[in-house]
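One structure below.
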Amino acid sequence: MASEKTAELYRLLLSKGYPEELCREIAYKHMNTDYTATRMMGYLYRVSDPRIEDLVDEMLAILSDREEIIRKKEMERAQAVMNDVYRNGL
């Protein structure tokens, strides 16, 4: 089930005149979290009529940022475990 933000992104992309298949692909396959959908909507509100190439480039940048955040959180969790081992032993 798609989130409300994802559905809102889909409708926004359609209203800007992008092909339906592209809108579905972006909204429901790639920008399907509230975080990514909100970031993409912010981009679409700031940039009036981006070319398809620019839209896809922004999508890839948002996904890259999201992956970096996920990696950072994973490293922080691993470091917390190591700190606990150092303090308390195995």
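Identifiers in this document derive from the order of the structure tokens: chains are assigned A, B, ..., residues are numbered from 1 separately in each chain, and ligands are numbered from 1 in order of occurrence.
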
Show which residues sit within 10 Å of A:Leu13, as a short mmCIF file (atom, residue, chain, number, x, y, z; two decimals) with N, CA, C and O atoms, in the first residue's frame. Count only C-alpha atoms, and ignore same-chain residues fewer than 3 positions away.
data_model
loop_
_atom_site.label_atom_id
_atom_site.label_comp_id
_atom_site.auth_asym_id
_atom_site.auth_seq_id
_atom_site.Cartn_x
_atom_site.Cartn_y
_atom_site.Cartn_z
N ALA A 7 1.41 8.87 -3.14
CA ALA A 7 0.27 9.15 -4.02
C ALA A 7 0.24 10.63 -4.39
O ALA A 7 -0.06 10.99 -5.54
N GLU A 8 0.57 11.50 -3.44
CA GLU A 8 0.60 12.93 -3.72
C GLU A 8 1.69 13.25 -4.75
O GLU A 8 1.47 14.07 -5.65
N LEU A 9 2.84 12.62 -4.60
CA LEU A 9 3.92 12.82 -5.57
C LEU A 9 3.47 12.37 -6.96
O LEU A 9 3.70 13.06 -7.95
N TYR A 10 2.83 11.23 -7.03
CA TYR A 10 2.34 10.71 -8.31
C TYR A 10 1.40 11.72 -8.97
O TYR A 10 1.54 12.04 -10.15
N LYS A 16 2.13 17.88 -13.79
CA LYS A 16 3.19 18.62 -14.48
C LYS A 16 3.36 18.13 -15.92
O LYS A 16 4.19 18.64 -16.66
N GLY A 17 2.59 17.11 -16.31
CA GLY A 17 2.58 16.67 -17.69
C GLY A 17 3.58 15.57 -18.04
O GLY A 17 3.80 15.30 -19.22
N TYR A 18 4.16 14.93 -17.05
CA TYR A 18 5.09 13.83 -17.35
C TYR A 18 4.30 12.59 -17.74
O TYR A 18 3.16 12.40 -17.33
N PRO A 19 4.90 11.70 -18.55
CA PRO A 19 4.21 10.48 -18.98
C PRO A 19 3.80 9.63 -17.77
O PRO A 19 4.52 9.53 -16.78
N GLU A 20 2.62 9.05 -17.86
CA GLU A 20 2.06 8.28 -16.75
C GLU A 20 3.00 7.15 -16.30
O GLU A 20 3.17 6.93 -15.10
N LEU A 22 6.25 6.99 -16.48
CA LEU A 22 7.37 7.58 -15.75
C LEU A 22 6.93 8.01 -14.36
O LEU A 22 7.64 7.76 -13.37
N CYS A 23 5.76 8.61 -14.26
CA CYS A 23 5.24 9.03 -12.95
C CYS A 23 5.07 7.85 -12.01
O CYS A 23 5.44 7.91 -10.83
N ARG A 24 4.53 6.77 -12.54
CA ARG A 24 4.34 5.55 -11.73
C ARG A 24 5.68 4.99 -11.29
O ARG A 24 5.86 4.61 -10.13
N ILE A 26 8.61 6.53 -10.97
CA ILE A 26 9.26 7.40 -9.98
C ILE A 26 8.57 7.30 -8.63
O ILE A 26 9.20 7.04 -7.61
N ALA A 27 7.26 7.52 -8.62
CA ALA A 27 6.53 7.60 -7.35
C ALA A 27 6.44 6.27 -6.62
O ALA A 27 6.70 6.19 -5.42
N MET A 40 11.34 14.95 -3.23
CA MET A 40 11.06 15.15 -4.65
C MET A 40 9.97 16.20 -4.85
O MET A 40 10.06 17.03 -5.75
N MET A 41 8.96 16.20 -3.99
CA MET A 41 7.92 17.23 -4.11
C MET A 41 8.51 18.61 -3.86
O MET A 41 8.16 19.58 -4.56
N LEU A 44 10.12 19.67 -7.01
CA LEU A 44 9.14 20.03 -8.04
C LEU A 44 8.46 21.36 -7.75
O LEU A 44 8.06 22.07 -8.67
N LEU A 55 14.77 15.73 -13.82
CA LEU A 55 13.92 15.06 -12.85
C LEU A 55 14.55 13.74 -12.40
O LEU A 55 14.64 13.45 -11.21
#

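What separates atom CA of A:Lys29 from atom CA of A:Arg77 is a distance of 27.8 Å.
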
Hey, what does DSSP flag as helix (DSSP H, G or I) within chain A? Can you give it to me as a PyMOL selection string? chain A and resi 4-15+20-30+34-46+52-88

So that I can check the surroundings of stretch 59-67 of chain A, please list as a ChimeraX atom specification every protein, DNA and RNA residue that reaches within 9 Å of it, counting only C-alpha atoms and ignoring chain neighbours fewer than 6 positions away. /A:26,30-31,35-36,39-40

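Remark: for A:Val56, the closest of the candidate residues A:Thr33, A:Met75, A:Glu25, A:Val81 is A:Glu25 (distances computed over only C-alpha atoms).
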